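Novice: One file is attached below, final.cif, containing mmCIF, C-alpha atoms.
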data_model
loop_
_atom_site.label_atom_id
_atom_site.label_comp_id
_atom_site.auth_asym_id
_atom_site.auth_seq_id
_atom_site.Cartn_x
_atom_site.Cartn_y
_atom_site.Cartn_z
CA MET N 1 98.47 268.19 49.48
CA ARG N 2 96.25 265.26 50.44
CA PRO N 3 96.61 263.92 53.97
CA ALA N 4 98.34 260.57 54.16
CA PHE N 5 97.27 258.12 56.81
CA GLY N 6 98.71 254.75 57.65
CA VAL N 7 100.21 252.27 60.05
CA LYS N 8 103.60 250.58 60.48
CA ALA N 9 104.54 246.94 60.43
CA SER N 10 104.69 244.79 63.58
CA HIS N 11 105.69 241.22 64.44
CA THR N 12 102.18 239.73 64.31
CA LYS N 13 98.97 240.70 62.58
CA GLN N 14 97.11 241.11 65.85
CA ASP N 15 99.91 243.25 67.28
CA SER N 16 99.83 245.40 64.15
CA LEU N 17 96.11 246.06 64.58
CA VAL N 18 96.49 246.96 68.25
CA LYS N 19 99.58 249.11 67.74
CA SER N 20 98.14 250.85 64.68
CA SER N 21 94.98 251.59 66.62
CA ARG N 22 97.05 253.21 69.39
CA ARG N 23 99.03 255.27 66.89
CA LEU N 24 96.01 256.69 65.12
CA THR N 25 95.75 260.40 65.81
CA ALA N 26 92.44 261.86 66.94
CA LEU N 27 90.89 264.03 64.23
CA SER N 28 87.54 265.75 64.57
CA LEU N 29 84.80 264.52 62.22
CA VAL N 30 82.82 267.07 60.23
CA GLY N 31 79.59 267.63 62.11
CA LEU N 32 80.04 264.54 64.30
CA GLY N 33 82.49 265.46 67.04
CA LEU N 34 83.71 261.82 66.94
CA VAL N 35 87.22 260.45 66.82
CA ALA N 36 88.47 259.66 63.32
CA LEU N 37 90.38 256.67 62.14
CA MET N 38 93.77 257.76 61.03
CA GLY N 39 97.28 257.96 62.43
CA SER N 40 100.66 259.41 62.90
CA MET N 41 101.37 259.32 59.17
CA LEU N 42 100.12 262.94 59.11
CA ALA N 43 103.60 263.89 60.29
CA THR N 44 105.82 261.18 58.83
CA GLY N 45 104.02 259.39 56.01
CA GLY N 46 104.46 261.95 53.27
CA SER N 47 101.97 262.68 50.52
CA ALA N 48 100.27 260.44 47.98
CA GLN N 49 102.80 261.66 45.42
CA ALA N 50 105.70 260.52 47.60
CA ALA N 51 104.10 257.09 47.96
CA GLN N 52 103.75 256.78 44.20
CA LYS N 53 107.44 257.64 43.69
CA ALA N 54 108.62 254.93 46.11
CA LYS N 55 110.52 252.04 44.59
CA PRO N 56 108.31 249.03 43.80
CA ALA N 57 110.49 246.80 45.98
CA GLU N 58 109.89 248.96 49.04
CA LYS N 59 106.82 248.43 51.18
CA GLN N 60 104.59 251.47 51.45
CA ASP N 61 102.27 252.90 54.05
CA LEU N 62 98.57 252.82 53.23
CA VAL N 63 97.53 256.22 51.88
CA LEU N 64 93.79 256.80 51.99
CA SER N 65 91.96 258.76 49.34
CA ALA N 66 90.65 262.26 49.98
CA ASN N 67 87.37 261.17 48.36
CA PRO N 68 84.19 260.09 50.22
CA LEU N 69 84.51 257.45 52.95
CA LEU N 70 82.06 256.20 55.56
CA LEU N 71 81.89 253.54 58.27
CA MET N 72 78.57 252.53 59.87
CA ASP N 73 77.25 250.11 62.48
CA VAL N 74 74.30 248.32 60.87
CA ALA N 75 72.33 247.48 64.02
CA SER N 76 72.40 250.98 65.51
CA GLY N 77 72.54 252.96 62.28
CA LYS N 78 75.36 255.01 63.82
CA VAL N 79 78.12 256.44 61.65
CA LEU N 80 81.53 255.78 63.22
CA TYR N 81 83.53 257.77 60.69
CA HIS N 82 82.87 259.80 57.58
CA GLN N 83 84.66 261.97 55.09
CA LYS N 84 82.67 263.99 52.53
CA ALA N 85 79.72 261.69 53.13
CA ASN N 86 77.24 264.04 51.44
CA GLN N 87 79.27 264.79 48.34
CA LYS N 88 77.46 263.62 45.23
CA TRP N 89 79.27 260.83 43.40
CA TYR N 90 78.67 258.73 40.31
CA PRO N 91 77.60 255.40 41.85
CA ALA N 92 78.47 253.17 38.88
CA SER N 93 77.38 249.58 39.64
CA LEU N 94 76.55 250.40 43.26
CA THR N 95 73.31 251.36 41.49
CA LYS N 96 72.51 247.64 41.34
CA LEU N 97 71.91 247.67 45.10
CA MET N 98 68.81 249.77 44.41
CA THR N 99 67.91 247.54 41.44
CA ALA N 100 67.94 244.57 43.80
CA TYR N 101 66.03 246.45 46.51
CA VAL N 102 63.21 247.48 44.15
CA THR N 103 63.02 243.87 42.93
CA PHE N 104 62.83 242.57 46.50
CA ARG N 105 59.99 245.00 47.17
CA ALA N 106 58.16 243.83 44.06
CA ILE N 107 58.49 240.21 45.18
CA ALA N 108 57.26 241.06 48.67
CA SER N 109 54.20 242.84 47.25
CA GLY N 110 53.29 239.85 45.05
CA GLU N 111 53.99 241.56 41.72
CA LEU N 112 56.34 238.73 40.78
CA SER N 113 58.21 235.84 42.36
CA GLU N 114 61.71 234.42 42.29
CA ASP N 115 60.48 232.00 39.60
CA SER N 116 59.02 234.73 37.37
CA VAL N 117 60.50 234.95 33.88
CA VAL N 118 62.87 237.71 32.73
CA THR N 119 63.34 238.07 28.95
CA ILE N 120 66.41 239.65 27.34
CA SER N 121 65.42 242.54 25.07
CA GLU N 122 67.36 244.35 22.35
CA HIS N 123 67.58 247.35 24.68
CA ALA N 124 69.12 245.26 27.47
CA LEU N 125 71.57 243.44 25.21
CA ALA N 126 72.80 246.73 23.72
CA TYR N 127 74.48 247.69 26.99
CA PRO N 128 78.27 247.25 27.12
CA ALA N 129 80.16 244.95 29.48
CA SER N 130 80.16 243.84 32.15
CA LYS N 131 77.39 241.59 30.78
CA MET N 132 76.25 238.00 30.31
CA GLY N 133 75.66 238.51 26.59
CA PHE N 134 72.64 236.23 26.19
CA LYS N 135 70.89 236.60 22.84
CA VAL N 136 67.65 238.54 22.49
CA GLY N 137 64.69 236.46 23.61
CA THR N 138 66.63 234.42 26.17
CA ARG N 139 64.49 233.71 29.22
CA LEU N 140 65.69 233.23 32.78
CA THR N 141 64.21 233.37 36.25
CA VAL N 142 64.29 236.38 38.56
CA ASP N 143 66.35 234.31 41.01
CA ASN N 144 69.07 233.63 38.45
CA ALA N 145 68.92 237.21 37.20
CA LEU N 146 69.56 238.57 40.69
CA LYS N 147 72.61 236.34 41.12
CA MET N 148 74.03 237.50 37.79
CA VAL N 149 73.41 241.15 38.65
CA LEU N 150 74.92 241.02 42.14
CA VAL N 151 77.90 238.72 41.47
CA LYS N 152 78.84 239.26 37.82
CA SER N 153 77.45 242.84 37.87
CA ALA N 154 75.82 242.13 34.50
CA ASN N 155 74.55 245.36 32.94
CA ASP N 156 72.31 243.62 30.42
CA ILE N 157 70.61 241.49 33.07
CA ALA N 158 70.04 244.51 35.33
CA ALA N 159 68.25 246.33 32.50
CA ALA N 160 66.17 243.25 31.65
CA LEU N 161 65.25 242.82 35.32
CA GLY N 162 64.11 246.44 35.46
CA GLU N 163 61.98 245.91 32.37
CA ARG N 164 60.39 242.84 33.95
CA VAL N 165 59.53 244.69 37.17
CA ALA N 166 58.28 247.99 35.73
CA GLY N 167 57.64 247.40 32.03
CA SER N 168 60.53 249.57 30.83
CA GLU N 169 63.84 250.77 32.19
CA PRO N 170 62.74 254.45 32.44
CA SER N 171 59.68 253.36 34.44
CA PHE N 172 61.95 251.25 36.65
CA ALA N 173 64.22 254.26 37.22
CA GLU N 174 61.16 256.21 38.39
CA ARG N 175 60.48 253.48 40.94
CA MET N 176 64.11 253.59 42.03
CA ASN N 177 63.85 257.33 42.61
CA ARG N 178 60.61 256.98 44.57
CA GLU N 179 62.27 254.45 46.86
CA ALA N 180 65.32 256.69 47.24
CA ALA N 181 63.11 259.61 48.25
CA ARG N 182 61.16 257.43 50.70
CA LEU N 183 64.39 256.29 52.34
CA GLY N 184 65.76 259.83 52.63
CA MET N 185 68.57 259.44 50.10
CA THR N 186 68.90 263.18 49.52
CA ALA N 187 71.85 263.21 47.10
CA THR N 188 70.61 260.35 44.90
CA HIS N 189 69.02 260.28 41.46
CA PHE N 190 68.83 257.30 39.11
CA VAL N 191 68.52 257.21 35.33
CA ASN N 192 69.19 253.53 34.60
CA ALA N 193 69.18 250.17 36.37
CA ASN N 194 72.83 249.23 35.96
CA GLY N 195 74.85 252.33 36.85
CA LEU N 196 76.50 253.00 33.51
CA PHE N 197 77.59 256.62 33.41
CA HIS N 198 75.02 259.37 33.05
CA PRO N 199 75.72 262.89 34.31
CA ASP N 200 72.41 262.94 36.18
CA GLN N 201 72.92 259.60 37.93
CA THR N 202 74.41 260.40 41.34
CA SER N 203 74.46 259.22 44.93
CA SER N 204 76.67 259.71 47.99
CA ALA N 205 78.48 257.65 50.62
CA ARG N 206 75.79 258.46 53.17
CA ASP N 207 72.95 257.54 50.80
CA MET N 208 74.56 254.23 49.86
CA ALA N 209 74.94 253.37 53.55
CA VAL N 210 71.25 254.19 54.11
CA LEU N 211 70.23 251.89 51.25
CA THR N 212 72.54 249.08 52.35
CA ARG N 213 71.24 249.13 55.90
CA GLN N 214 67.66 249.07 54.63
CA ILE N 215 68.35 246.02 52.47
CA LEU N 216 70.02 244.14 55.33
CA LEU N 217 67.28 244.89 57.86
CA GLU N 218 64.19 244.72 55.65
CA PHE N 219 65.19 241.66 53.63
CA PRO N 220 67.47 239.45 55.74
CA GLN N 221 66.37 236.42 53.68
CA TYR N 222 68.31 237.81 50.71
CA ARG N 223 71.57 238.40 52.56
CA PRO N 224 73.16 235.22 51.14
CA LEU N 225 72.89 236.69 47.62
CA PHE N 226 75.41 239.38 48.48
CA GLN N 227 78.05 237.02 49.86
CA ILE N 228 78.36 234.72 46.83
CA PRO N 229 82.01 234.95 45.68
CA ALA N 230 81.45 233.34 42.27
CA ILE N 231 78.79 231.94 39.95
CA ARG N 232 79.10 229.16 37.39
CA HIS N 233 77.28 229.35 34.06
CA GLY N 234 77.99 226.36 31.90
CA LYS N 235 81.77 225.95 31.93
CA ARG N 236 82.41 229.58 32.87
CA VAL N 237 83.19 230.62 36.44
CA LEU N 238 82.49 234.31 36.98
CA ARG N 239 83.99 235.77 40.15
CA SER N 240 82.66 238.69 42.16
CA TYR N 241 84.59 241.94 41.92
CA ASN N 242 84.23 242.25 45.71
CA LYS N 243 87.58 240.73 46.68
CA LEU N 244 86.90 241.13 50.39
CA LEU N 245 84.54 238.16 50.25
CA GLU N 246 87.57 235.86 50.00
CA THR N 247 90.28 237.97 51.63
CA PHE N 248 88.66 239.55 54.71
CA ARG N 249 87.43 237.41 57.59
CA GLY N 250 83.71 237.92 58.16
CA ALA N 251 82.99 239.75 54.90
CA ASN N 252 79.44 239.11 53.69
CA GLY N 253 78.53 241.75 51.08
CA MET N 254 77.71 244.00 49.31
CA LYS N 255 78.71 245.48 45.86
CA THR N 256 81.45 247.15 43.85
CA GLY N 257 81.21 249.67 41.01
CA PHE N 258 83.40 251.33 38.41
CA VAL N 259 83.12 253.81 35.59
CA CYS N 260 85.89 256.18 34.55
CA SER N 261 84.08 259.19 36.03
CA SER N 262 83.54 257.53 39.44
CA GLY N 263 86.79 255.72 40.02
CA TYR N 264 86.60 252.49 41.99
CA ASN N 265 83.71 252.27 44.46
CA ILE N 266 82.73 249.65 47.01
CA VAL N 267 80.10 249.09 49.67
CA SER N 268 81.46 246.31 51.86
CA SER N 269 79.87 244.65 54.88
CA ALA N 270 81.41 242.30 57.42
CA THR N 271 80.35 240.63 60.65
CA ARG N 272 82.60 239.73 63.57
CA ASN N 273 81.48 238.62 67.03
CA GLY N 274 77.86 239.24 66.06
CA ARG N 275 78.43 242.86 65.04
CA GLN N 276 77.95 243.94 61.42
CA LEU N 277 79.65 247.01 59.97
CA VAL N 278 79.41 248.62 56.54
CA ALA N 279 82.24 250.55 54.87
CA VAL N 280 81.66 252.80 51.85
CA VAL N 281 84.64 253.80 49.70
CA LEU N 282 84.06 256.05 46.69
CA GLY N 283 86.59 257.18 44.11
CA ALA N 284 89.56 254.93 44.91
CA SER N 285 92.28 255.09 42.29
CA ASN N 286 92.48 251.33 41.71
CA THR N 287 90.96 248.04 42.83
CA GLN N 288 93.74 247.22 45.31
CA LEU N 289 93.43 250.52 47.15
CA ARG N 290 89.64 250.16 47.13
CA SER N 291 89.84 246.80 48.87
CA GLU N 292 92.60 247.80 51.29
CA THR N 293 90.76 250.96 52.33
CA ALA N 294 87.50 249.13 52.95
CA ALA N 295 89.34 246.46 54.96
CA PHE N 296 91.15 249.13 56.98
CA LEU N 297 87.92 250.94 57.86
CA LEU N 298 86.16 247.72 58.86
CA THR N 299 89.09 246.56 60.97
CA GLN N 300 89.28 249.83 62.87
CA GLY N 301 85.55 249.68 63.52
CA PHE N 302 85.90 246.21 65.03
CA VAL N 303 88.98 246.84 67.21
CA ARG N 304 88.82 250.46 68.37
CA GLN N 305 87.24 251.16 71.74
CA ASP N 306 86.02 254.59 70.62
CA MET N 307 84.05 252.83 67.87
CA ALA N 308 82.37 250.31 70.16
CA PRO N 309 78.61 249.65 69.86
CA GLY N 310 76.67 252.78 70.71
CA ALA N 311 79.28 255.21 69.41
CA GLY N 312 78.65 257.51 66.50
CA ALA N 313 75.83 259.66 65.17
CA SER N 314 72.62 258.53 63.49
CA ILE N 315 72.78 258.21 59.74
CA ALA N 316 69.13 259.25 59.55
CA ASN N 317 70.04 262.91 60.11
CA GLY N 318 71.72 263.69 56.83
CA THR N 319 72.36 267.38 57.50
CA GLN N 320 75.13 266.63 60.01
CA PHE N 321 77.33 265.09 57.33
CA GLY N 322 78.03 268.33 55.52
CA ALA N 323 76.57 270.10 52.53
CA ILE N 324 75.48 268.20 49.42
CA THR N 325 78.09 269.19 46.85
CA ARG N 326 78.60 268.57 43.15
CA PRO N 327 80.18 265.31 41.99
CA HIS N 328 83.85 265.18 41.11
CA ASP N 329 84.58 263.66 37.70
CA MET N 330 87.59 261.35 37.97
CA ARG N 331 87.82 260.52 34.28
CA PRO N 332 91.01 262.58 33.64
CA GLU N 333 92.75 260.78 36.52
CA ILE N 334 91.40 257.24 36.06
CA CYS N 335 91.11 257.04 32.26
CA PRO N 336 93.53 259.65 30.87
CA ASN N 337 93.78 257.90 27.50
CA GLY N 338 90.18 256.76 27.20
CA GLY N 339 90.47 253.53 29.20
CA PRO N 340 91.51 252.66 32.77
CA LYS N 341 95.22 253.21 33.31
CA TRP N 342 97.28 250.28 34.53
CA THR N 343 98.55 250.50 38.10
CA PRO N 344 101.14 248.14 39.62
CA HIS N 345 100.46 246.10 42.73
CA VAL N 346 101.67 247.83 45.88
CA ALA N 347 103.18 245.98 48.83
CA TYR N 348 101.90 247.75 51.96
CA LYS N 349 103.72 247.67 55.28
CA VAL N 350 100.52 246.45 56.89
CA SER N 351 97.75 244.87 54.84
CA PHE N 352 94.33 244.30 56.37
CA LEU N 353 93.55 241.66 53.76
CA GLU N 354 94.47 237.99 54.05
CA PRO N 355 95.66 235.60 51.35
CA ARG N 356 92.68 234.40 49.35
CA PHE N 357 90.68 231.69 51.09
CA LYS N 358 87.82 229.58 49.78
CA VAL N 359 84.35 230.45 51.06
CA MET N 360 82.16 228.20 48.93
CA GLU N 361 81.96 226.53 45.54
CA PRO N 362 80.68 228.75 42.70
CA VAL N 363 76.88 228.90 42.71
CA ARG N 364 75.40 227.51 39.49
CA VAL N 365 73.11 229.80 37.50
CA TYR N 366 71.04 229.04 34.43
CA ALA N 367 69.73 230.80 31.36
CA GLY N 368 66.40 229.48 30.19
CA VAL N 369 63.35 228.31 32.08
CA LYS N 370 63.41 224.57 32.59
CA LYS N 371 60.12 222.71 32.89
CA ARG N 372 60.47 219.63 35.00
CA PRO N 373 57.30 217.50 34.76
CA ILE N 374 56.80 214.82 37.39
CA LYS N 375 57.38 211.37 35.93
CA LEU N 376 56.15 208.27 37.73
CA PRO N 377 58.25 205.09 37.67
CA LEU N 378 57.03 202.57 35.06
CA LYS N 379 55.73 200.12 37.67
CA MET N 380 53.63 202.87 39.26
CA ALA N 381 52.22 204.37 36.09
CA GLN N 382 48.88 202.51 36.35
CA LEU N 383 48.15 203.50 39.94
CA PRO N 384 45.01 205.61 40.35
CA LEU N 385 45.64 209.33 40.66
CA ALA N 386 43.12 209.69 43.51
CA SER N 387 42.96 207.73 46.72
CA PRO N 388 40.37 204.89 46.62
CA PHE N 389 39.59 205.41 50.32
CA GLU N 390 36.47 207.40 51.09
CA LYS N 391 37.30 207.91 54.75
CA PRO N 392 40.41 209.89 55.64
CA VAL N 393 43.13 207.98 57.40
CA GLN N 394 43.23 208.90 61.09
CA PRO N 395 46.64 209.99 62.39
CA LEU N 396 48.24 207.83 65.03
CA LYS N 397 47.86 209.07 68.58
CA ALA N 398 50.92 209.33 70.72
CA GLN N 399 50.97 206.83 73.53
CA LYS N 400 52.09 207.69 77.03
CA GLY N 401 55.86 207.73 77.18
CA ASP N 402 56.30 208.25 73.41
CA VAL N 403 58.73 210.96 72.36
CA VAL N 404 57.21 213.24 69.74
CA ARG N 405 59.81 214.71 67.39
CA LEU N 406 59.19 217.51 64.92
CA ALA N 407 60.67 217.26 61.47
CA TYR N 408 63.10 219.97 60.48
CA LEU N 409 61.58 222.51 58.14
CA PRO N 410 63.50 223.12 54.91
CA ARG N 411 65.49 226.31 54.82
CA PRO N 412 63.90 229.05 52.70
CA LYS N 413 65.54 229.97 49.42
CA PRO N 414 67.92 232.92 49.67
#
Output the structure of this file as structure tokens.
Specialist:
Amino acid sequence: MRPAFGVKASHTKQDSLVKSSRRLTALSLVGLGLVALMGSMLATGGSAQAAQKAKPAEKQDLVLSANPLLLMDVASGKVLYHQKANQKWYPASLTKLMTAYVTFRAIASGELSEDSVVTISEHALAYPASKMGFKVGTRLTVDNALKMVLVKSANDIAAALGERVAGSEPSFAERMNREAARLGMTATHFVNANGLFHPDQTSSARDMAVLTRQILLEFPQYRPLFQIPAIRHGKRVLRSYNKLLETFRGANGMKTGFVCSSGYNIVSSATRNGRQLVAVVLGASNTQLRSETAAFLLTQGFVRQDMAPGAGASIANGTQFGAITRPHDMRPEICPNGGPKWTPHVAYKVSFLEPRFKVMEPVRVYAGVKKRPIKLPLKMAQLPLASPFEKPVQPLKAQKGDVVRLAYLPRPKP
């Protein structure tokens, strides 16, 4: 029987967080000796099967999965809670976090730029959805490609981006694996750039937290890419699968993933009062439980005194999170008839998500590379292209009593 954890309803949301925090029972973490997250539902909540049999009209307690979970403080690199953090898992589209990271590294080294051209190949277009579906030969910039990969989770664009960086997708996968080894991601191996199922493509909750922290600390200029809730291409608005971006206060990243064999995965980051936490949820049974579980973990990390800054154990020491074990294939449970089974919406007694709020307008993306030549107004067309003055114009000197003001520098592109 899987352990069931949860909290009970209270009069206000803040009261519910405080009371639920007090009710959570102390459980020892594997290898950490820390206090775990969960509560008195061990005795009274019943099993996951009992929750599934409850009438739809009745509100249910949140029942967390027995699959890998992890909560980490980004600044300290300390793990506040984990469950099976070293178990291998099929990462699905969480793979695209490494695709983005390798691309960021290539930009930083001067191999390409955000304005470099990505071309859609037959190999890239052959991948199934989720995809943009641009025809072979379509050209777009690296900047637009990254937005499509991280927001729409476009499999075809991820493959094309890998081809642009490394020449071919297999060569790109080799670079992904070199970066994973350099970062100490001991349970991780990549075969493709988009995360579509391959039996040899695996990662773990601990490894995904390591990668996420590295992205956030090494490339803070790209953080805005991960918090875009929607992109607009032409008349289409394509929303992120990370629902926390518009339902959890302070959410600012990172990525979701799904294939039948992995179940529903998410790496979610959020910042409150200057503190950023990352929650990793692997193998949730549906999208609602994935989001609720991530929100629950993040909330507990922000409100619990035993998870205050400084608590936890360093994520760098992977051996303390248990043995690296074989991945569990969730296909029979998630896709018993070949495709994802339908699951009804559950009304929980306490939800850590808010009604959807608007963060920003959809960010416009483009296919194609637009050339924008500079055109002079008609009345200025005959002006000489070079200055007729031989002597440079001397800048004005500030007089005594003048106030010298510096112009604001433009913000760098995300």
Novice: Given only C-alpha atoms as the basis, pick out the residue of N:Asn273, N:Asn252, N:Gln320, N:Gln87 nearest to Val303 (chain N).
Specialist: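 With only C-alpha atoms as the atom set, the closest residue is N:Asn273.
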Novice: Could you list, with a cut-off of 9 Å and counting only C-alpha atoms, the residues of region 175-197 of chain N near region 141-162 of chain N, each shown with its nearest atom pair and the distance in Å rounded to one decimal, rows sorted by chain and ascending number, as a tab-separated table?
Specialist:
residue	atom	partner	partner_atom	distance
N:Asn192	CA	N:Ala159	CA	7.6
N:Ala193	CA	N:Ala159	CA	5.5
N:Asn194	CA	N:Asn155	CA	5.2
N:Gly195	CA	N:Asn155	CA	8.0
N:Leu196	CA	N:Asn155	CA	7.9
Novice: Grab the residues selected above and save them as an mmCIF file, in the coordinates of the input with C-alpha atoms.
Specialist:
data_model
loop_
_atom_site.group_PDB
_atom_site.id
_atom_site.type_symbol
_atom_site.label_atom_id
_atom_site.label_comp_id
_atom_site.auth_asym_id
_atom_site.auth_seq_id
_atom_site.Cartn_x
_atom_site.Cartn_y
_atom_site.Cartn_z
ATOM 1 C CA ASN N 192 69.190 253.530 34.600
ATOM 2 C CA ALA N 193 69.180 250.170 36.370
ATOM 3 C CA ASN N 194 72.830 249.230 35.960
ATOM 4 C CA GLY N 195 74.850 252.330 36.850
ATOM 5 C CA LEU N 196 76.500 253.000 33.510
#
Novice: With the cut-off set at 10 Å and counting only C-alpha atoms, tabulate each residue of region 73-113 of chain N with an atom at most that distance from an atom of region 200-223 of chain N, showing the nearest atom pair and its distance in Å to one decimal, ordered by chain and increasing number, as a tab-separated table.
Specialist:
residue	atom	partner	partner_atom	distance
N:Asp73	CA	N:Arg213	CA	9.0
N:Val74	CA	N:Arg213	CA	5.9
N:Ala75	CA	N:Arg213	CA	8.4
N:Ser76	CA	N:Arg213	CA	9.9
N:Gly77	CA	N:Arg213	CA	7.6
N:Val79	CA	N:Arg206	CA	9.0
N:His82	CA	N:Arg206	CA	8.4
N:Gln83	CA	N:Ala205	CA	8.8
N:Lys84	CA	N:Ala205	CA	7.8
N:Ala85	CA	N:Ala205	CA	4.9
N:Asn86	CA	N:Ser204	CA	5.6
N:Gln87	CA	N:Ser204	CA	5.7
N:Lys88	CA	N:Ser204	CA	4.9
N:Trp89	CA	N:Thr202	CA	5.3
N:Tyr90	CA	N:Thr202	CA	4.7
N:Pro91	CA	N:Ser203	CA	5.8
N:Ala92	CA	N:Gln201	CA	8.5
N:Leu94	CA	N:Met208	CA	7.9
N:Thr95	CA	N:Ser203	CA	8.7
N:Leu97	CA	N:Thr212	CA	7.4
N:Met98	CA	N:Leu211	CA	7.3
N:Ala100	CA	N:Ile215	CA	8.8
N:Tyr101	CA	N:Ile215	CA	6.4
N:Val102	CA	N:Ile215	CA	9.9
N:Phe104	CA	N:Phe219	CA	7.6
N:Arg105	CA	N:Phe219	CA	8.9
N:Ala108	CA	N:Phe219	CA	9.4
Novice: Could you jot down the CA of Glu163 (chain N) to CA of Gly184 (chain N) separation for me, Å, one decimal place?
Specialist: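 CA of Glu163 (chain N) sits 24.9 Å away from CA of Gly184 (chain N).
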Novice: So how far away is CA of Leu140 (chain N) from CA of Val117 (chain N), in Å?
Specialist: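 Calculated distance between CA of Val117 (chain N) and CA of Leu140 (chain N) is 5.6 Å.
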Novice: For the provided coordinates, the residues matched by the PyMOL selection byres ((chain N and resi 310) around 12) should be stated as a list in words.
Specialist: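 Answer for the PyMOL selection byres ((chain N and resi 310) around 12): Met72, Asp73, Val74, Ala75, Ser76, Gly77, Lys78, Val79, Leu80, Arg275, Gly301, Gln305, Asp306, Met307, Ala308, Pro309, Ala311, Gly312, Ala313 and Ser314 of chain N.
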Novice: Could you write out as a list in words the residues that the PyMOL selection byres ((chain N and resi 263) around 7) matches in the shown file?
Specialist: Phe258, Val259, Cys260, Ser261, Ser262, Tyr264, Asn265, Gly283, Ala284, Ser285, Met330 and Ile334 of chain N
Novice: Report, in Å to a single decimal, how far apart CA of Arg239 (chain N) and CA of Ala367 (chain N) are.
Specialist: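 These two atoms are separated by 17.5 Å.
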Novice: Selection in question (the file shown): the PyMOL selection byres ((chain N and resi 345) around 9). Which residues does it include, as a PyMOL selection string?
Specialist: chain N and resi 56+288+343-344+346-347
Novice: Can you work out which one of N:Ala106, N:Val118, N:Leu112, N:Leu225 has the shortest atom-to-atom distance to Glu179 (chain N), counting all atoms listed in the file?
Specialist: N:Ala106
Novice: Find the smallest box with edges along x, y and z containing every listed atom of region 166-180 of chain N, then add 4 Å on each side and report centre and edge lengths in Å to one decimal, as lines of an AutoDock Vina configuration file.
Specialist:
center_x = 61.5
center_y = 252.4
center_z = 39.0
size_x = 15.7
size_y = 17.9
size_z = 24.4
Novice: Here is a test: counting only C-alpha atoms, which residue of N:Ser168, N:Ser121, N:Thr186, N:Ser116 is nearest to Gly137 (chain N)?
Specialist: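 Looking only at the distances to Gly137 (chain N), the closest residue turns out to be N:Ser121.
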Novice: Nearest to Val191 (chain N): which of N:Ala173, N:Leu71, N:Leu62, N:Met132 is it, counting all atoms listed in the file?
Specialist: N:Ala173
Novice: Give me, as a ChimeraX atom specification, all polymer residues having an atom no more than 9 Å from Met360 (chain N), counting only C-alpha atoms and skipping those fewer than 5 positions away in the same chain.
Specialist: /N:228-230
Novice: Now that the selection is made, can you save its residues with C-alpha atoms as a short mmCIF file (atom, residue, chain, number, x, y, z; two decimals), keeping the file's coordinate frame?
Specialist:
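Okay, part_32.cif is ready:
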data_model
loop_
_atom_site.label_atom_id
_atom_site.label_comp_id
_atom_site.auth_asym_id
_atom_site.auth_seq_id
_atom_site.Cartn_x
_atom_site.Cartn_y
_atom_site.Cartn_z
CA ILE N 228 78.36 234.72 46.83
CA PRO N 229 82.01 234.95 45.68
CA ALA N 230 81.45 233.34 42.27
#
Novice: Output region 127-137 of chain N with N, CA and C atoms present, as a short mmCIF file (atom, residue, chain, number, x, y, z; two decimals), in the frame of the given file.
Specialist:
data_model
loop_
_atom_site.label_atom_id
_atom_site.label_comp_id
_atom_site.auth_asym_id
_atom_site.auth_seq_id
_atom_site.Cartn_x
_atom_site.Cartn_y
_atom_site.Cartn_z
N TYR N 127 73.58 247.12 26.00
CA TYR N 127 74.48 247.69 26.99
C TYR N 127 75.86 247.04 26.90
N PRO N 128 76.92 247.81 27.15
CA PRO N 128 78.27 247.25 27.12
C PRO N 128 78.57 246.41 28.36
N ALA N 129 79.72 245.76 28.33
CA ALA N 129 80.16 244.95 29.48
C ALA N 129 80.39 245.87 30.69
N SER N 130 80.24 245.26 31.83
CA SER N 130 80.16 243.84 32.15
C SER N 130 78.76 243.29 31.84
N LYS N 131 78.68 242.11 31.18
CA LYS N 131 77.39 241.59 30.78
C LYS N 131 77.48 240.08 30.61
N MET N 132 76.31 239.43 30.58
CA MET N 132 76.25 238.00 30.31
C MET N 132 76.24 237.74 28.82
N GLY N 133 75.63 238.63 28.05
CA GLY N 133 75.66 238.51 26.59
C GLY N 133 74.69 237.50 26.01
N PHE N 134 73.64 237.16 26.73
CA PHE N 134 72.64 236.23 26.19
C PHE N 134 71.93 236.87 25.00
N LYS N 135 71.55 236.07 24.02
CA LYS N 135 70.89 236.60 22.84
C LYS N 135 69.49 237.09 23.18
N VAL N 136 68.98 237.98 22.30
CA VAL N 136 67.65 238.54 22.49
C VAL N 136 66.62 237.40 22.52
N GLY N 137 65.72 237.48 23.47
CA GLY N 137 64.69 236.46 23.61
C GLY N 137 65.02 235.40 24.64
#
